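Student: Dropping the structure in here first, questions after.
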Amino acid sequence: MGSNYDVSDYTLGQEQLERIETVLTEDLINSGVHSALLIDMAGNIIARCDNGQCQHDMYSLAALASANFAAVDTMAKIVGEEEFSLLFHKGENENIHFSKVNIEFLLITIFGKEVSLGLLRLKVAEAVEKINSVW
Amino acid sequence: MAFVNMKSKEVQAKIVYYGPGRGGKTTNLEYIYSKFRERIKSDMVSIKTHGDRTLFFDFLPFDIGKIMGYDVKIQLYTVPGQVKYDATRRLVLKGVDGMVFVADSQVEQRKKNVLSLKNLQENLAIYKKSIFKVPLVLQYNKRDLEKEGVTLLPMETLEKDLNSQLKVPSFPASAVTGENVVPTMKKIISLTMTSLQNVLK
Ligand SMILES: Nc1nc2c(ncn2[C@@H]2O[C@H](COP(=O)(O)OP(=O)(O)OP(=O)(O)O)[C@@H](O)[C@H]2O)c(=O)[nH]1
Ligand SMILES: [Mg+2]
């Protein structure tokens, strides 16, 4: 969203989406993450997986996350950074982590106390690599 | 930049309400939200100042049911209209599929309308999009003020100022009373869906 270009309409086929969902489930949900969401920079939800206990409003979350990411990205540029690599918000019970997959996609994970930030970052990095190989 | 999910047969499209500050963009979404309360499952998200001016955007997801076999989810957004918020306005415009330009019919706002439309054109150009190509509907808002004795810009003047080159559908409206708010929205949804048809085949 911070970059000066816009891609056109796009579709993802059943097989690509299934591969992405498999990655989200196996690498993230099975590691204790409550909810994993792949969104695009316009705020659309591409794929979502959760542990079955999440009641969050994911469409609003996606809209806010893409806007937040774009705002932070623009701030980075203003202070002369290419990007800020760690985007993480810590709460009492839930934490939220954002990771850029590529220029067009963002991976959002919501997780609790059971998962350490170190482990999460490792798992997210692995998932990002696998998602990128889907294209 | 609509997203089509072939697996769940779902389309998500982004419609942005643009226009000068205090023109009535947020009020349009509030009216839609109150009118379709039972069909909109989530809350309207508004990032605003204490004075109720939009700071980043308003967001309202709206399921319109099935079109050509796809579940269509329309995401309605507003931008902040104040001139100083141009950077955030630009971010909200990213990936836009359809636009409503909400003009303020009050005489003193004439110049602001023109400048805001020009600003829309410039911000689209940043994304290499043309105001002549993205689906667009004009809304001449606050027509209700006429009944209260306020002199408004005549419809012909608004058309001449804003629509002489664009030649897009336009509606006189009142976001406060709700007059023509839903027709404006229906028009932009239908233009947007038509423009997506080649993706949905
Ligand atoms: N009389 C009248 N007042 C209106 C109408 N639409 C909006 N207003 C009023 O105009 C003021 C600004 O409306 P908003 O909807 O907040 O305007 P906005 O375009 O979202 O403004 P920004 O967020 O600053 O860009 C509010 O006090 C509204 O009640 C209308 O159709 N008629
Ligand atoms: Mg507003």
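Within each chain, counting starts at residue 1; across the structure tokens, chains are named A, B, ... in the order shown, with ligands numbered 1 upward in that order.
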I'd like the neighbourhood of range 16-32 of chain A as a PyMOL selection string, where a residue qualifies if any of its atoms comes within 7 Å (using only C-alpha atoms), though same-chain residues fewer than 4 positions away should be ignored.

Tutor: chain A and resi 12+36+47+49-51+115+123+127+131+134

Student: Store the residues picked out above, limited to C-alpha atoms, as a PDB file, in the first residue's frame.

Tutor:
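The file below, selection_29.pdb, is the result:
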ATOM      1  CA  LEU A  12      -6.391 -17.557  -6.959  1.00  0.00           C
ATOM      2  CA  ALA A  36      -3.598 -16.948  10.909  1.00  0.00           C
ATOM      3  CA  ALA A  47      -7.012 -17.199   3.307  1.00  0.00           C
ATOM      4  CA  CYS A  49      -7.317 -20.539   9.421  1.00  0.00           C
ATOM      5  CA  ASP A  50      -7.935 -20.700  13.134  1.00  0.00           C
ATOM      6  CA  ASN A  51      -8.057 -23.153  16.002  1.00  0.00           C
ATOM      7  CA  VAL A 115       3.752 -19.378  22.085  1.00  0.00           C
ATOM      8  CA  LYS A 123       7.402 -20.413  12.286  1.00  0.00           C
ATOM      9  CA  ALA A 127       5.422 -20.158   6.463  1.00  0.00           C
ATOM     10  CA  ILE A 131       3.609 -19.286   0.746  1.00  0.00           C
ATOM     11  CA  VAL A 134       3.007 -21.183  -4.152  1.00  0.00           C
TER      12      VAL A 134
END

Student: Could you give me the residues within 7 Å of ligand 1, counting only C-alpha atoms and all ligand atoms, as number ranges by chain?

Tutor: B: 19-28, 52-55, 79-82, 141-145, 173-177

Student: Of the candidates A:Ala71, A:Val33, A:Asn93, A:Gly52, which one gets nearest to chain B if we count only C-alpha atoms?

Tutor: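 Ranking A:Ala71, A:Val33, A:Asn93, A:Gly52 by distance to chain B, first place goes to A:Ala71.
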
Student: Choose the residue, out of A:Val124, A:Ala67, A:Leu37, A:Cys54, that has the smallest atom-to-atom separation from chain B; count only C-alpha atoms.

Tutor: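 Nearest candidate to chain B out of A:Val124, A:Ala67, A:Leu37, A:Cys54: A:Ala67.
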
Student: Which neighbours of range 89-104 of chain B fall inside 6 Å, counting only C-alpha atoms, when residues of the same chain fewer than 6 positions from it are skipped, and could you give them as a PDB file with all heavy atoms, in the first residue's frame?

Tutor:
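Below is the file that was written, part34.pdb:
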ATOM      1  N   MET A   1       0.824  -1.207   0.000  1.00  0.00           N
ATOM      2  CA  MET A   1       0.000   0.000   0.000  1.00  0.00           C
ATOM      3  C   MET A   1       0.860   1.259   0.000  1.00  0.00           C
ATOM      4  O   MET A   1       0.487   2.277  -0.538  1.00  0.00           O
ATOM      5  CB  MET A   1      -0.857  -0.004   1.270  1.00  0.00           C
ATOM      6  CG  MET A   1      -2.252   0.481   1.031  1.00  0.00           C
ATOM      7  SD  MET A   1      -3.268  -0.170   2.359  1.00  0.00           S
ATOM      8  CE  MET A   1      -4.583   0.940   2.441  1.00  0.00           C
ATOM      9  N   ALA A  42      -4.689  -4.322  -0.053  1.00  0.00           N
ATOM     10  CA  ALA A  42      -5.921  -3.537  -0.152  1.00  0.00           C
ATOM     11  C   ALA A  42      -6.893  -3.914   0.965  1.00  0.00           C
ATOM     12  O   ALA A  42      -7.971  -3.342   1.075  1.00  0.00           O
ATOM     13  CB  ALA A  42      -6.578  -3.752  -1.510  1.00  0.00           C
TER      14      ALA A  42
ATOM     15  N   MET B   1      -8.773  -3.334  -6.922  1.00  0.00           N
ATOM     16  CA  MET B   1      -8.131  -4.624  -7.051  1.00  0.00           C
ATOM     17  C   MET B   1      -8.974  -5.671  -6.365  1.00  0.00           C
ATOM     18  O   MET B   1      -8.745  -6.030  -5.231  1.00  0.00           O
ATOM     19  CB  MET B   1      -6.756  -4.553  -6.405  1.00  0.00           C
ATOM     20  CG  MET B   1      -6.002  -5.821  -6.451  1.00  0.00           C
ATOM     21  SD  MET B   1      -4.405  -5.652  -5.668  1.00  0.00           S
ATOM     22  CE  MET B   1      -4.853  -5.151  -4.014  1.00  0.00           C
ATOM     23  N   LYS B  14     -13.590  -3.322  -3.393  1.00  0.00           N
ATOM     24  CA  LYS B  14     -13.413  -2.147  -2.540  1.00  0.00           C
ATOM     25  C   LYS B  14     -14.010  -0.899  -3.193  1.00  0.00           C
ATOM     26  O   LYS B  14     -13.619  -0.533  -4.295  1.00  0.00           O
ATOM     27  CB  LYS B  14     -11.909  -1.953  -2.317  1.00  0.00           C
ATOM     28  CG  LYS B  14     -11.515  -0.765  -1.465  1.00  0.00           C
ATOM     29  CD  LYS B  14     -10.014  -0.847  -1.182  1.00  0.00           C
ATOM     30  CE  LYS B  14      -9.533   0.189  -0.194  1.00  0.00           C
ATOM     31  NZ  LYS B  14      -8.126  -0.051   0.188  1.00  0.00           N
ATOM     32  N   ILE B  15     -14.946  -0.294  -2.490  1.00  0.00           N
ATOM     33  CA  ILE B  15     -15.570   0.938  -2.984  1.00  0.00           C
ATOM     34  C   ILE B  15     -15.236   2.071  -2.023  1.00  0.00           C
ATOM     35  O   ILE B  15     -15.439   1.948  -0.816  1.00  0.00           O
ATOM     36  CB  ILE B  15     -17.086   0.759  -3.146  1.00  0.00           C
ATOM     37  CG1 ILE B  15     -17.338  -0.206  -4.305  1.00  0.00           C
ATOM     38  CG2 ILE B  15     -17.774   2.111  -3.381  1.00  0.00           C
ATOM     39  CD1 ILE B  15     -18.766  -0.537  -4.551  1.00  0.00           C
ATOM     40  N   VAL B  16     -14.688   3.156  -2.549  1.00  0.00           N
ATOM     41  CA  VAL B  16     -14.213   4.255  -1.707  1.00  0.00           C
ATOM     42  C   VAL B  16     -15.056   5.513  -1.938  1.00  0.00           C
ATOM     43  O   VAL B  16     -15.276   5.920  -3.075  1.00  0.00           O
ATOM     44  CB  VAL B  16     -12.728   4.565  -2.005  1.00  0.00           C
ATOM     45  CG1 VAL B  16     -12.264   5.784  -1.220  1.00  0.00           C
ATOM     46  CG2 VAL B  16     -11.847   3.361  -1.671  1.00  0.00           C
ATOM     47  N   TYR B  17     -15.532   6.096  -0.833  1.00  0.00           N
ATOM     48  CA  TYR B  17     -16.228   7.389  -0.869  1.00  0.00           C
ATOM     49  C   TYR B  17     -15.194   8.489  -0.698  1.00  0.00           C
ATOM     50  O   TYR B  17     -14.481   8.515   0.298  1.00  0.00           O
ATOM     51  CB  TYR B  17     -17.295   7.475   0.236  1.00  0.00           C
ATOM     52  CG  TYR B  17     -18.560   6.715  -0.084  1.00  0.00           C
ATOM     53  CD1 TYR B  17     -18.540   5.327  -0.222  1.00  0.00           C
ATOM     54  CD2 TYR B  17     -19.775   7.377  -0.262  1.00  0.00           C
ATOM     55  CE1 TYR B  17     -19.697   4.618  -0.539  1.00  0.00           C
ATOM     56  CE2 TYR B  17     -20.942   6.676  -0.573  1.00  0.00           C
ATOM     57  CZ  TYR B  17     -20.898   5.306  -0.704  1.00  0.00           C
ATOM     58  OH  TYR B  17     -22.047   4.610  -1.023  1.00  0.00           O
ATOM     59  N   TYR B  18     -15.126   9.367  -1.681  1.00  0.00           N
ATOM     60  CA  TYR B  18     -14.112  10.426  -1.729  1.00  0.00           C
ATOM     61  C   TYR B  18     -14.819  11.775  -1.749  1.00  0.00           C
ATOM     62  O   TYR B  18     -16.003  11.854  -2.071  1.00  0.00           O
ATOM     63  CB  TYR B  18     -13.307  10.259  -3.019  1.00  0.00           C
ATOM     64  CG  TYR B  18     -11.857  10.716  -2.975  1.00  0.00           C
ATOM     65  CD1 TYR B  18     -10.838   9.816  -2.686  1.00  0.00           C
ATOM     66  CD2 TYR B  18     -11.516  12.036  -3.254  1.00  0.00           C
ATOM     67  CE1 TYR B  18      -9.508  10.223  -2.667  1.00  0.00           C
ATOM     68  CE2 TYR B  18     -10.185  12.447  -3.237  1.00  0.00           C
ATOM     69  CZ  TYR B  18      -9.186  11.529  -2.947  1.00  0.00           C
ATOM     70  OH  TYR B  18      -7.868  11.931  -2.938  1.00  0.00           O
ATOM     71  N   GLY B  19     -14.120  12.842  -1.423  1.00  0.00           N
ATOM     72  CA  GLY B  19     -14.733  14.169  -1.512  1.00  0.00           C
ATOM     73  C   GLY B  19     -14.195  15.106  -0.453  1.00  0.00           C
ATOM     74  O   GLY B  19     -13.447  14.691   0.429  1.00  0.00           O
ATOM     75  N   GLY B  23     -18.109  16.913   3.710  1.00  0.00           N
ATOM     76  CA  GLY B  23     -19.068  16.814   2.605  1.00  0.00           C
ATOM     77  C   GLY B  23     -20.193  15.817   2.859  1.00  0.00           C
ATOM     78  O   GLY B  23     -21.246  15.880   2.242  1.00  0.00           O
ATOM     79  N   VAL B  79     -12.596   8.125   2.782  1.00  0.00           N
ATOM     80  CA  VAL B  79     -11.282   8.739   3.044  1.00  0.00           C
ATOM     81  C   VAL B  79     -11.487   9.941   3.964  1.00  0.00           C
ATOM     82  O   VAL B  79     -12.607  10.449   4.079  1.00  0.00           O
ATOM     83  CB  VAL B  79     -10.595   9.219   1.746  1.00  0.00           C
ATOM     84  CG1 VAL B  79     -10.355   8.066   0.804  1.00  0.00           C
ATOM     85  CG2 VAL B  79     -11.415  10.310   1.069  1.00  0.00           C
ATOM     86  N   ASN B 113     -14.926  21.429  -3.832  1.00  0.00           N
ATOM     87  CA  ASN B 113     -15.351  20.259  -4.605  1.00  0.00           C
ATOM     88  C   ASN B 113     -14.415  20.021  -5.787  1.00  0.00           C
ATOM     89  O   ASN B 113     -13.954  18.902  -6.022  1.00  0.00           O
ATOM     90  CB  ASN B 113     -16.768  20.463  -5.149  1.00  0.00           C
ATOM     91  CG  ASN B 113     -17.830  20.457  -4.056  1.00  0.00           C
ATOM     92  OD1 ASN B 113     -17.659  19.806  -3.027  1.00  0.00           O
ATOM     93  ND2 ASN B 113     -18.916  21.182  -4.287  1.00  0.00           N
ATOM     94  N   PRO B 135     -14.721   2.783 -12.213  1.00  0.00           N
ATOM     95  CA  PRO B 135     -16.147   3.124 -12.065  1.00  0.00           C
ATOM     96  C   PRO B 135     -16.339   4.245 -11.031  1.00  0.00           C
ATOM     97  O   PRO B 135     -15.729   4.218  -9.964  1.00  0.00           O
ATOM     98  CB  PRO B 135     -16.768   1.812 -11.569  1.00  0.00           C
ATOM     99  CG  PRO B 135     -15.862   0.749 -12.084  1.00  0.00           C
ATOM    100  CD  PRO B 135     -14.482   1.343 -12.086  1.00  0.00           C
ATOM    101  N   LEU B 136     -17.172   5.218 -11.393  1.00  0.00           N
ATOM    102  CA  LEU B 136     -17.338   6.415 -10.558  1.00  0.00           C
ATOM    103  C   LEU B 136     -18.781   6.904 -10.633  1.00  0.00           C
ATOM    104  O   LEU B 136     -19.408   6.866 -11.691  1.00  0.00           O
ATOM    105  CB  LEU B 136     -16.383   7.513 -11.056  1.00  0.00           C
ATOM    106  CG  LEU B 136     -16.494   8.921 -10.456  1.00  0.00           C
ATOM    107  CD1 LEU B 136     -16.087   8.919  -8.986  1.00  0.00           C
ATOM    108  CD2 LEU B 136     -15.604   9.906 -11.226  1.00  0.00           C
ATOM    109  N   VAL B 137     -19.304   7.316  -9.472  1.00  0.00           N
ATOM    110  CA  VAL B 137     -20.620   7.941  -9.405  1.00  0.00           C
ATOM    111  C   VAL B 137     -20.463   9.244  -8.634  1.00  0.00           C
ATOM    112  O   VAL B 137     -19.711   9.306  -7.655  1.00  0.00           O
ATOM    113  CB  VAL B 137     -21.631   7.000  -8.685  1.00  0.00           C
ATOM    114  CG1 VAL B 137     -22.924   7.732  -8.360  1.00  0.00           C
ATOM    115  CG2 VAL B 137     -21.921   5.773  -9.536  1.00  0.00           C
ATOM    116  N   LEU B 138     -21.133  10.300  -9.088  1.00  0.00           N
ATOM    117  CA  LEU B 138     -21.092  11.565  -8.356  1.00  0.00           C
ATOM    118  C   LEU B 138     -22.354  11.705  -7.510  1.00  0.00           C
ATOM    119  O   LEU B 138     -23.442  11.306  -7.937  1.00  0.00           O
ATOM    120  CB  LEU B 138     -21.012  12.755  -9.322  1.00  0.00           C
ATOM    121  CG  LEU B 138     -19.803  12.860 -10.251  1.00  0.00           C
ATOM    122  CD1 LEU B 138     -19.869  14.154 -11.063  1.00  0.00           C
ATOM    123  CD2 LEU B 138     -18.509  12.812  -9.465  1.00  0.00           C
ATOM    124  N   GLN B 139     -22.167  12.270  -6.315  1.00  0.00           N
ATOM    125  CA  GLN B 139     -23.321  12.545  -5.462  1.00  0.00           C
ATOM    126  C   GLN B 139     -23.271  14.008  -5.036  1.00  0.00           C
ATOM    127  O   GLN B 139     -22.258  14.447  -4.481  1.00  0.00           O
ATOM    128  CB  GLN B 139     -23.283  11.638  -4.225  1.00  0.00           C
ATOM    129  CG  GLN B 139     -24.468  11.842  -3.307  1.00  0.00           C
ATOM    130  CD  GLN B 139     -24.352  11.050  -2.010  1.00  0.00           C
ATOM    131  OE1 GLN B 139     -23.574  11.392  -1.135  1.00  0.00           O
ATOM    132  NE2 GLN B 139     -25.096   9.968  -1.911  1.00  0.00           N
ATOM    133  N   TYR B 140     -24.343  14.743  -5.325  1.00  0.00           N
ATOM    134  CA  TYR B 140     -24.411  16.145  -4.896  1.00  0.00           C
ATOM    135  C   TYR B 140     -25.195  16.185  -3.601  1.00  0.00           C
ATOM    136  O   TYR B 140     -26.422  16.127  -3.586  1.00  0.00           O
ATOM    137  CB  TYR B 140     -25.057  17.001  -5.997  1.00  0.00           C
ATOM    138  CG  TYR B 140     -24.358  16.837  -7.335  1.00  0.00           C
ATOM    139  CD1 TYR B 140     -25.068  16.632  -8.507  1.00  0.00           C
ATOM    140  CD2 TYR B 140     -22.959  16.868  -7.404  1.00  0.00           C
ATOM    141  CE1 TYR B 140     -24.417  16.462  -9.724  1.00  0.00           C
ATOM    142  CE2 TYR B 140     -22.303  16.696  -8.620  1.00  0.00           C
ATOM    143  CZ  TYR B 140     -23.032  16.494  -9.775  1.00  0.00           C
ATOM    144  OH  TYR B 140     -22.387  16.322 -10.967  1.00  0.00           O
ATOM    145  N   ASN B 141     -24.466  16.269  -2.507  1.00  0.00           N
ATOM    146  CA  ASN B 141     -25.057  16.040  -1.186  1.00  0.00           C
ATOM    147  C   ASN B 141     -25.592  17.327  -0.559  1.00  0.00           C
ATOM    148  O   ASN B 141     -25.301  18.426  -1.004  1.00  0.00           O
ATOM    149  CB  ASN B 141     -23.984  15.396  -0.297  1.00  0.00           C
ATOM    150  CG  ASN B 141     -24.570  14.842   0.977  1.00  0.00           C
ATOM    151  OD1 ASN B 141     -25.727  14.419   1.016  1.00  0.00           O
ATOM    152  ND2 ASN B 141     -23.791  14.858   2.044  1.00  0.00           N
ATOM    153  N   THR B 192     -19.386  -1.317 -10.671  1.00  0.00           N
ATOM    154  CA  THR B 192     -18.180  -2.049 -10.265  1.00  0.00           C
ATOM    155  C   THR B 192     -18.275  -3.522 -10.671  1.00  0.00           C
ATOM    156  O   THR B 192     -17.325  -4.085 -11.215  1.00  0.00           O
ATOM    157  CB  THR B 192     -17.970  -1.928  -8.739  1.00  0.00           C
ATOM    158  OG1 THR B 192     -17.945  -0.546  -8.388  1.00  0.00           O
ATOM    159  CG2 THR B 192     -16.674  -2.585  -8.306  1.00  0.00           C
TER     160      THR B 192
END

Student: In terms of the shortest atom-to-atom distance over only C-alpha atoms, which of B:Leu166, B:Leu153, B:Leu76, B:Leu60 is closest to Ile40 in chain B?

Tutor: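 Of all the options, B:Leu60 lies closest to Ile40 in chain B.
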
Student: May I have the residues within 7 Å of Ile74 in chain B as number ranges by chain, using only C-alpha atoms and disregarding those fewer than 6 positions away in the same chain?

Tutor: B: 12-14, 61-63

Student: Just list as a ChimeraX atom specification whatever in range 51-163 of chain B DSSP marks as helix (DSSP H, G or I).

Tutor: /B:83-93,107-126,143-148,155-163

Student: Neighbours of range 86-89 of chain A within 10 Å (only C-alpha atoms; same-chain residues fewer than 6 positions away dropped), as a ChimeraX atom specification?

Tutor: /A:68-69,72,95-100,108-110,117,121

Student: Please find the residues of chain B near chain A - the criterion being any atom within 10 Å, counting only C-alpha atoms - and write them as a ChimeraX atom specification.

Tutor: /B:1-9,11-14,41-45,47,56-61,73,75,77,87-88,90-97,123-129,196,198-200
